[in-house]
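A.B. asks: Here you go, one structure.
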Amino acid sequence: MLKLYKYLKPYLWQTGLLFAAIAIQVWTNLQLPAMMANIINRGIMQGDLDYVWGTGVGMIGFALVSSICAFTANFLSSWIGARITRDIRSDFFVHVLSLSTSEIDNFSTASLITRTVSDIFQVQQAIVMTLSMGLRAPLTCILAIGQAIATAPDMTWIIALAVGVILFLTVLIMSIVMPKFKIIQKLADRVTLLTRENLTGLRVIRAFNNEKLEQNRFERTNKEFSHLNAWVDVILSLENPLISLVFNGTALLCVWIGITLITRDFAYLGNMMAFMQYAIQVVMSFLFLTMLFVVLPRASVSAKRVNEVLDTKSKIIWKPQTIGKPSLAPSVEFSHVDFAYSGAEEKVLQDVSFVAHAGETTAFIGSTGSGKSTLINLVPRFYEATAGEIKINDINIKDYSESDLMRRIGYVPQRGVLFEGTVKSNILFGAPEADNKRLKLAARISQSAEFIKKFEKQYDSHIAQGGTNVSGGQRQRLSIARAIAKDPDIYIFDDSFSALDMKTDAKLRHDLKTITKDAVTLIVAQRISTIKDAHQIVVLNQGKVVGKGTHLELLRKCKVYREIAQSQLSEREFQAEIKKSAQLTKSEEKKHA
């Protein structure tokens, strides 16, 4: 929790003003009991009405100053707390964006959402209460005890007794509920996870008629979360009646002991009244401190979860500026590259080597889990290779600055991702400076122009969050248009044509060739038809390269590729492709002869 108080530095003068307001409020409040005692002892007892009126007006003035200071202190504590948490949330968001995919994988999306919203809100509550009560309560307590001792030393043991009982009750309650706070936050993560999972997978749940199953899953977690929250709230709610009992018991004890002392000296009445108010202020101070003790442990758990993310350092270190001068001819080279996920025993990729040149299409194919998408994700450094070397334009990928590398890459993920905005803002997401000519070129090549024209506002038409108001194929094509609009050195298509029909797929790939003649094109695909015209096809099996060459070459010399082709093509088509491959072999043999 203390780590997060560094965010207080930009607001030091406001904090100073806050503490000044609190100090004045405490001082004025402590004058009121003494003034009341004087009214009784010097005014009423001696029949001096002028003194009563004069001191009464003074009390009203002190009460007014105290109220103004209290308002100022509460306003400043809320204002500072809101801005501190705004800064924390902003830094948290920026830090999450700076982490590599491997670090983000360590935190679930649901957990990151809970930490951004719920946990930081808990921290905000703690900061506001600390600023408003952290100085007021102990300052009031210390000064009120001093005033009480000076006013009625014979009764000070009452305050000691009340404080001792309050401390005992607070420690007892906190020892019971503190271990539960961490469990509650984990359950909050789980509720967020299930909510997000069910909302994103709603169509699948309905298609398989599994609403009841998902409802039961959510209900179990929700009940556990609610019951634990209720149990903690019940334990914490015991504190108020117990403190109230101590509060009223203290007042009663003050009156009882005070009356005993008044029978000896009636002039002690004013002192007794003042002491009672000081005792009440001391008890109220400890009541505020116990409220702080309730909020701080919960906020401490939340702060720990926030710091857990903020303290996570990315394993991928970027250079501030690119070292060396990249070649003007784009290229991607893998040299004996290995990769394994953090904590995994087996490698996902082993000894992968290939070179992709400008103007050529390099495709990757293999069975599910063969490492195709992982390989592609190493190019923009979403993950860091555990061994070997990757070069972009003849420069080691580790020698690039992040901005320089990313501007060279047009990435289209396996699942089309759109952001809330317009068609235009989504296509120009990576190239906001691009003109309308580039915008329309990207739409035409990605086969998006036709359906965009049917929209009422065309390129200014609204796109909902996640692209939920367009079809899967349209979402995929707009994602492809976004990469094209960027005009990169390297195009990466991670199985990005899977949502397209065969006709649109063929037309898109044909038109794509017109703008990729000076760029490297990397394609991950499941369909042979998508990559059969590629200049180079890399076949992966269990993370290893088992074949490399053109479509016809691989049919002849790669068993894995031949099996994939046979499973996707009709027998007639397969035999025709095999025949072409055989003819190519004879042609090559004649050349050698």
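Ordering of the structure tokens sets the chain letters (A, B, ...), residue numbers begin anew at 1 in every chain, and ligands are numbered from 1 in the order given.
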Give me the residues within 10 Å of segment 239-248 of chain A as a PyMOL selection string, counting only C-alpha atoms and dropping any in the same chain fewer than 5 places off.

C.D. replies: chain A and resi 161-163+165-166+169-170+173+234+253-254+279-284+286-287+290-291+294

A.B. asks: Apply DSSP to the structure's backbone, then extract all residues of segment 19-68 of chain A labelled alpha helix (DSSP H) and return them as number ranges by chain.

C.D. replies: A: 19-38, 49-68

A.B. asks: Restricting the calculation to only C-alpha atoms: of A:Phe334, A:Tyr561, A:Tyr383, A:Phe275, which residue gets closest to Asp154 of chain A?

C.D. replies: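 Looking only at the distances to Asp154 of chain A, the closest residue turns out to be A:Phe275.
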
A.B. asks: Would you mind listing what lies within 7 Å of segment 463-474 of chain A as a tab-separated table (two decimals) with N, CA, C and O atoms, in the first residue's frame, with only C-alpha atoms counted and same-chain residues fewer than 5 positions away left out?

C.D. replies:
chain	number	residue	atom	x	y	z
A	417	VAL	N	-10.17	-8.45	-35.18
A	417	VAL	CA	-10.44	-7.58	-34.03
A	417	VAL	C	-10.74	-6.17	-34.53
A	417	VAL	O	-9.94	-5.57	-35.24
A	418	LEU	N	-11.93	-5.66	-34.16
A	418	LEU	CA	-12.30	-4.29	-34.50
A	418	LEU	C	-12.56	-3.50	-33.22
A	418	LEU	O	-12.91	-4.08	-32.19
A	419	PHE	N	-12.39	-2.19	-33.32
A	419	PHE	CA	-12.57	-1.31	-32.16
A	419	PHE	C	-13.78	-0.41	-32.39
A	419	PHE	O	-14.14	-0.11	-33.54
A	420	GLU	N	-14.39	0.02	-31.31
A	420	GLU	CA	-15.54	0.90	-31.43
A	420	GLU	C	-15.11	2.20	-32.13
A	420	GLU	O	-14.10	2.80	-31.77
A	421	GLY	N	-15.87	2.58	-33.11
A	421	GLY	CA	-15.54	3.77	-33.90
A	421	GLY	C	-16.27	3.71	-35.22
A	421	GLY	O	-17.45	3.36	-35.28
A	422	THR	N	-15.57	4.03	-36.30
A	422	THR	CA	-16.16	3.97	-37.64
A	422	THR	C	-15.38	2.99	-38.50
A	422	THR	O	-14.30	2.52	-38.10
A	423	VAL	N	-15.91	2.73	-39.68
A	423	VAL	CA	-15.19	1.88	-40.63
A	423	VAL	C	-13.84	2.51	-40.95
A	423	VAL	O	-12.80	1.84	-40.96
A	448	SER	N	-13.49	-5.36	-49.20
A	448	SER	CA	-14.42	-4.74	-48.25
A	448	SER	C	-15.26	-3.65	-48.89
A	448	SER	O	-16.32	-3.28	-48.37
A	499	ALA	N	-12.26	-17.15	-42.50
A	499	ALA	CA	-13.68	-16.76	-42.45
A	499	ALA	C	-14.22	-16.36	-43.82
A	499	ALA	O	-15.38	-15.97	-43.94
A	500	LEU	N	-13.37	-16.46	-44.87
A	500	LEU	CA	-13.78	-16.03	-46.21
A	500	LEU	C	-14.17	-17.24	-47.04
A	500	LEU	O	-13.61	-18.33	-46.90

A.B. asks: Between A:Lys424, A:Lys513, A:Lys372, A:Lys6, which one has atoms that come closest to Val538 of chain A, using only C-alpha atoms?

C.D. replies: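 Using only C-alpha atoms, the shortest distance to Val538 of chain A belongs to A:Lys372.
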
A.B. asks: From the list A:Lys454, A:Lys325, A:Ile564, A:Leu441, which residue is nearest Thr514 of chain A when using only C-alpha atoms?

C.D. replies: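 Of all the options, A:Leu441 lies closest to Thr514 of chain A.
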
A.B. asks: Identify, on the basis of only C-alpha atoms, every residue whose closest approach to Asp399 of chain A does not exceed 10 Å; exclude the query and any residue fewer than 6 positions from it along the same chain; express the result as a list of chain:residue names.

C.D. replies: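 Residues meeting the cut-off are A:Ile317, A:Trp318, A:Lys319, A:Pro320, A:Gln321, A:Thr322, A:Ile323, A:Gly324, A:Lys391, A:Ile392, A:Leu405.
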
A.B. asks: Could those selected residues go to a file with N, CA, C and O atoms, as a short mmCIF file (atom, residue, chain, number, x, y, z; two decimals), in the first residue's frame?

C.D. replies:
data_model
loop_
_atom_site.label_atom_id
_atom_site.label_comp_id
_atom_site.auth_asym_id
_atom_site.auth_seq_id
_atom_site.Cartn_x
_atom_site.Cartn_y
_atom_site.Cartn_z
N ILE A 317 13.13 -6.58 -23.88
CA ILE A 317 13.73 -5.25 -23.71
C ILE A 317 13.96 -4.64 -25.09
O ILE A 317 14.66 -5.22 -25.93
N TRP A 318 13.36 -3.49 -25.30
CA TRP A 318 13.50 -2.81 -26.59
C TRP A 318 14.62 -1.78 -26.55
O TRP A 318 14.85 -1.15 -25.53
N LYS A 319 15.28 -1.63 -27.66
CA LYS A 319 16.29 -0.59 -27.79
C LYS A 319 15.60 0.77 -27.95
O LYS A 319 14.56 0.86 -28.61
N PRO A 320 16.16 1.83 -27.37
CA PRO A 320 15.54 3.15 -27.55
C PRO A 320 15.57 3.61 -29.00
O PRO A 320 14.67 4.30 -29.46
N GLN A 321 16.62 3.19 -29.72
CA GLN A 321 16.72 3.48 -31.15
C GLN A 321 17.28 2.25 -31.85
O GLN A 321 18.06 1.49 -31.28
N THR A 322 16.87 2.05 -33.09
CA THR A 322 17.35 0.90 -33.86
C THR A 322 18.85 1.00 -34.08
O THR A 322 19.37 2.06 -34.46
N ILE A 323 19.53 -0.11 -33.80
CA ILE A 323 20.98 -0.17 -33.98
C ILE A 323 21.28 -0.70 -35.38
O ILE A 323 20.85 -1.80 -35.74
N GLY A 324 22.02 0.06 -36.14
CA GLY A 324 22.33 -0.36 -37.51
C GLY A 324 21.33 0.20 -38.51
O GLY A 324 20.33 0.84 -38.14
N LYS A 391 16.08 -12.20 -37.91
CA LYS A 391 16.49 -10.94 -38.54
C LYS A 391 15.35 -10.38 -39.39
O LYS A 391 14.67 -11.11 -40.10
N ILE A 392 15.16 -9.08 -39.27
CA ILE A 392 14.22 -8.35 -40.11
C ILE A 392 15.03 -7.35 -40.93
O ILE A 392 15.75 -6.52 -40.37
N LEU A 405 10.18 -1.27 -35.42
CA LEU A 405 9.82 -2.62 -35.86
C LEU A 405 8.34 -2.70 -36.22
O LEU A 405 7.97 -3.24 -37.26
#

A.B. asks: Which one is closest to Arg438 of chain A: A:Arg482, A:Ser98, A:Glu563, A:Ala303? Count only C-alpha atoms.

C.D. replies: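 Of A:Arg482, A:Ser98, A:Glu563, A:Ala303, the one nearest Arg438 of chain A, counting only C-alpha atoms, is A:Arg482.
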
A.B. asks: Write out as a PyMOL selection string each polymer residue whose atoms come within 7 Å of segment 179-189 of chain A, counting only C-alpha atoms; drop sequence neighbours fewer than 3 positions from it.

C.D. replies: chain A and resi 110-111+114+192-193+225+228-229+298+301

A.B. asks: Kindly save the residues from that selection, with all heavy atoms included, as a PDB file, in the first residue's frame.

C.D. replies:
ATOM      1  N   ALA A 110      -9.816 -11.371 -17.110  1.00  0.00           N
ATOM      2  CA  ALA A 110     -10.796 -11.051 -16.061  1.00  0.00           C
ATOM      3  C   ALA A 110     -10.108 -10.474 -14.830  1.00  0.00           C
ATOM      4  O   ALA A 110     -10.589  -9.512 -14.222  1.00  0.00           O
ATOM      5  CB  ALA A 110     -11.586 -12.299 -15.689  1.00  0.00           C
ATOM      6  N   SER A 111      -8.962 -11.056 -14.465  1.00  0.00           N
ATOM      7  CA  SER A 111      -8.233 -10.570 -13.295  1.00  0.00           C
ATOM      8  C   SER A 111      -7.710  -9.159 -13.522  1.00  0.00           C
ATOM      9  O   SER A 111      -7.773  -8.314 -12.626  1.00  0.00           O
ATOM     10  CB  SER A 111      -7.063 -11.505 -12.979  1.00  0.00           C
ATOM     11  OG  SER A 111      -6.333 -11.043 -11.865  1.00  0.00           O
ATOM     12  N   THR A 114     -10.598  -6.776 -13.077  1.00  0.00           N
ATOM     13  CA  THR A 114     -10.937  -6.605 -11.662  1.00  0.00           C
ATOM     14  C   THR A 114      -9.916  -5.719 -10.969  1.00  0.00           C
ATOM     15  O   THR A 114     -10.267  -4.848 -10.161  1.00  0.00           O
ATOM     16  CB  THR A 114     -10.994  -7.970 -10.948  1.00  0.00           C
ATOM     17  OG1 THR A 114     -11.897  -8.832 -11.644  1.00  0.00           O
ATOM     18  CG2 THR A 114     -11.471  -7.828  -9.516  1.00  0.00           C
ATOM     19  N   THR A 192     -15.919 -12.184 -12.580  1.00  0.00           N
ATOM     20  CA  THR A 192     -15.663 -11.406 -13.797  1.00  0.00           C
ATOM     21  C   THR A 192     -15.311 -12.317 -14.967  1.00  0.00           C
ATOM     22  O   THR A 192     -15.767 -12.115 -16.098  1.00  0.00           O
ATOM     23  CB  THR A 192     -14.509 -10.400 -13.559  1.00  0.00           C
ATOM     24  OG1 THR A 192     -14.796  -9.617 -12.408  1.00  0.00           O
ATOM     25  CG2 THR A 192     -14.318  -9.488 -14.755  1.00  0.00           C
ATOM     26  N   LEU A 193     -14.494 -13.332 -14.683  1.00  0.00           N
ATOM     27  CA  LEU A 193     -14.085 -14.280 -15.719  1.00  0.00           C
ATOM     28  C   LEU A 193     -15.290 -15.008 -16.304  1.00  0.00           C
ATOM     29  O   LEU A 193     -15.446 -15.095 -17.525  1.00  0.00           O
ATOM     30  CB  LEU A 193     -13.092 -15.294 -15.128  1.00  0.00           C
ATOM     31  CG  LEU A 193     -12.702 -16.476 -16.024  1.00  0.00           C
ATOM     32  CD1 LEU A 193     -11.926 -15.988 -17.234  1.00  0.00           C
ATOM     33  CD2 LEU A 193     -11.874 -17.497 -15.254  1.00  0.00           C
ATOM     34  N   PHE A 225     -19.078 -16.269  -3.441  1.00  0.00           N
ATOM     35  CA  PHE A 225     -18.659 -14.871  -3.343  1.00  0.00           C
ATOM     36  C   PHE A 225     -19.606 -14.075  -2.440  1.00  0.00           C
ATOM     37  O   PHE A 225     -19.172 -13.332  -1.553  1.00  0.00           O
ATOM     38  CB  PHE A 225     -18.621 -14.270  -4.757  1.00  0.00           C
ATOM     39  CG  PHE A 225     -18.214 -12.828  -4.815  1.00  0.00           C
ATOM     40  CD1 PHE A 225     -17.007 -12.400  -4.295  1.00  0.00           C
ATOM     41  CD2 PHE A 225     -19.047 -11.874  -5.405  1.00  0.00           C
ATOM     42  CE1 PHE A 225     -16.618 -11.065  -4.360  1.00  0.00           C
ATOM     43  CE2 PHE A 225     -18.679 -10.542  -5.478  1.00  0.00           C
ATOM     44  CZ  PHE A 225     -17.467 -10.142  -4.945  1.00  0.00           C
ATOM     45  N   LEU A 228     -19.443 -15.275   1.354  1.00  0.00           N
ATOM     46  CA  LEU A 228     -18.235 -14.822   2.038  1.00  0.00           C
ATOM     47  C   LEU A 228     -18.296 -13.318   2.298  1.00  0.00           C
ATOM     48  O   LEU A 228     -17.925 -12.847   3.377  1.00  0.00           O
ATOM     49  CB  LEU A 228     -17.000 -15.170   1.207  1.00  0.00           C
ATOM     50  CG  LEU A 228     -15.640 -14.965   1.897  1.00  0.00           C
ATOM     51  CD1 LEU A 228     -15.556 -15.764   3.187  1.00  0.00           C
ATOM     52  CD2 LEU A 228     -14.499 -15.356   0.965  1.00  0.00           C
ATOM     53  N   ASN A 229     -18.792 -12.567   1.308  1.00  0.00           N
ATOM     54  CA  ASN A 229     -18.961 -11.125   1.488  1.00  0.00           C
ATOM     55  C   ASN A 229     -19.931 -10.824   2.623  1.00  0.00           C
ATOM     56  O   ASN A 229     -19.684  -9.947   3.455  1.00  0.00           O
ATOM     57  CB  ASN A 229     -19.484 -10.495   0.192  1.00  0.00           C
ATOM     58  CG  ASN A 229     -18.424  -9.654  -0.513  1.00  0.00           C
ATOM     59  OD1 ASN A 229     -17.597  -9.026   0.134  1.00  0.00           O
ATOM     60  ND2 ASN A 229     -18.446  -9.654  -1.823  1.00  0.00           N
ATOM     61  N   ARG A 298      -8.253  -4.441   3.661  1.00  0.00           N
ATOM     62  CA  ARG A 298      -8.842  -4.808   2.373  1.00  0.00           C
ATOM     63  C   ARG A 298      -8.125  -4.096   1.237  1.00  0.00           C
ATOM     64  O   ARG A 298      -7.835  -4.685   0.196  1.00  0.00           O
ATOM     65  CB  ARG A 298     -10.330  -4.448   2.384  1.00  0.00           C
ATOM     66  CG  ARG A 298     -11.104  -5.064   1.230  1.00  0.00           C
ATOM     67  CD  ARG A 298     -12.580  -4.961   1.483  1.00  0.00           C
ATOM     68  NE  ARG A 298     -13.328  -5.823   0.581  1.00  0.00           N
ATOM     69  CZ  ARG A 298     -14.608  -6.124   0.728  1.00  0.00           C
ATOM     70  NH1 ARG A 298     -15.272  -5.663   1.764  1.00  0.00           N
ATOM     71  NH2 ARG A 298     -15.226  -6.901  -0.138  1.00  0.00           N
ATOM     72  N   VAL A 301      -4.715  -5.649   0.445  1.00  0.00           N
ATOM     73  CA  VAL A 301      -4.796  -6.811  -0.451  1.00  0.00           C
ATOM     74  C   VAL A 301      -4.937  -6.334  -1.896  1.00  0.00           C
ATOM     75  O   VAL A 301      -4.268  -6.834  -2.810  1.00  0.00           O
ATOM     76  CB  VAL A 301      -5.988  -7.714  -0.061  1.00  0.00           C
ATOM     77  CG1 VAL A 301      -6.182  -8.819  -1.099  1.00  0.00           C
ATOM     78  CG2 VAL A 301      -5.763  -8.322   1.313  1.00  0.00           C
TER      79      VAL A 301
END

A.B. asks: Step one, run DSSP on the backbone; step two, keep only residues of segment 505-587 of chain A assigned to strand (DSSP E or B); then write them as a VMD selection string.

C.D. replies: chain A and resid 520 to 524 536 to 541 544 to 549

A.B. asks: Here is a test: counting only C-alpha atoms, which residue of A:Ser342, A:Thr221, A:Ser335, A:Thr362 is nearest to Ile390 of chain A?

C.D. replies: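 Counting only C-alpha atoms, the residue closest to Ile390 of chain A is A:Ser335.
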
A.B. asks: A:Ala565, A:Val546, A:Val191, A:Met59: which is nearest Thr530 of chain A, counting only C-alpha atoms?

C.D. replies: A:Ala565

A.B. asks: Find the residues near Thr28 of chain A: any atom within 12 Å, counting only C-alpha atoms, skip ones fewer than 2 places away on the same chain, and give them as a PyMOL selection string.

C.D. replies: chain A and resi 21-26+30-35+58-70+140+143-144

A.B. asks: Residues within 9 Å of Leu375 of chain A, please, as a PDB file with N, CA and C atoms, in the first residue's frame. Count only C-alpha atoms; anything in the same chain fewer than 2 positions from it doesn't count.

C.D. replies:
ATOM      1  N   PHE A 339      11.713 -22.122 -29.340  1.00  0.00           N
ATOM      2  CA  PHE A 339      10.832 -21.376 -28.433  1.00  0.00           C
ATOM      3  C   PHE A 339      10.097 -22.330 -27.503  1.00  0.00           C
ATOM      4  N   VAL A 348       8.031 -25.553 -28.052  1.00  0.00           N
ATOM      5  CA  VAL A 348       6.972 -25.448 -29.052  1.00  0.00           C
ATOM      6  C   VAL A 348       7.583 -25.421 -30.450  1.00  0.00           C
ATOM      7  N   LEU A 349       8.745 -24.775 -30.574  1.00  0.00           N
ATOM      8  CA  LEU A 349       9.478 -24.719 -31.837  1.00  0.00           C
ATOM      9  C   LEU A 349      10.905 -25.194 -31.613  1.00  0.00           C
ATOM     10  N   VAL A 352      14.134 -23.966 -36.034  1.00  0.00           N
ATOM     11  CA  VAL A 352      13.412 -23.468 -37.221  1.00  0.00           C
ATOM     12  C   VAL A 352      14.307 -22.505 -37.981  1.00  0.00           C
ATOM     13  N   GLY A 371       2.737 -25.326 -34.090  1.00  0.00           N
ATOM     14  CA  GLY A 371       3.554 -24.150 -33.776  1.00  0.00           C
ATOM     15  C   GLY A 371       3.519 -23.055 -34.815  1.00  0.00           C
ATOM     16  N   LYS A 372       2.543 -23.099 -35.730  1.00  0.00           N
ATOM     17  CA  LYS A 372       2.472 -22.108 -36.826  1.00  0.00           C
ATOM     18  C   LYS A 372       2.249 -20.692 -36.281  1.00  0.00           C
ATOM     19  N   SER A 373       1.192 -20.523 -35.473  1.00  0.00           N
ATOM     20  CA  SER A 373       0.873 -19.199 -34.941  1.00  0.00           C
ATOM     21  C   SER A 373       1.954 -18.697 -33.995  1.00  0.00           C
ATOM     22  N   ASN A 377       4.090 -15.225 -34.310  1.00  0.00           N
ATOM     23  CA  ASN A 377       4.096 -14.252 -33.207  1.00  0.00           C
ATOM     24  C   ASN A 377       5.499 -13.855 -32.759  1.00  0.00           C
ATOM     25  N   LEU A 378       6.506 -14.590 -33.199  1.00  0.00           N
ATOM     26  CA  LEU A 378       7.884 -14.225 -32.868  1.00  0.00           C
ATOM     27  C   LEU A 378       8.384 -13.062 -33.726  1.00  0.00           C
ATOM     28  N   VAL A 379       7.766 -12.861 -34.887  1.00  0.00           N
ATOM     29  CA  VAL A 379       8.229 -11.811 -35.806  1.00  0.00           C
ATOM     30  C   VAL A 379       8.005 -10.414 -35.218  1.00  0.00           C
ATOM     31  N   GLY A 543       6.426 -28.714 -34.002  1.00  0.00           N
ATOM     32  CA  GLY A 543       7.401 -27.662 -33.777  1.00  0.00           C
ATOM     33  C   GLY A 543       8.659 -27.746 -34.620  1.00  0.00           C
TER      34      GLY A 543
END

A.B. asks: In Å, with one decimal, what is the gap from atom CA of Ala356 of chain A to atom CA of Thr101 of chain A?

C.D. replies: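 Atom CA of Thr101 of chain A lies at a distance of 24.4 Å from atom CA of Ala356 of chain A.
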
A.B. asks: Interatomic distance between atom CA of Ser285 of chain A and atom CA of Cys141 of chain A?

C.D. replies: 5.7 Å

A.B. asks: What is the distance between atom CA of Ser300 of chain A and atom CA of Ile88 of chain A, in Å to one decimal?

C.D. replies: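 So the two atoms, atom CA of Ser300 of chain A and atom CA of Ile88 of chain A, lie 14.8 Å apart.
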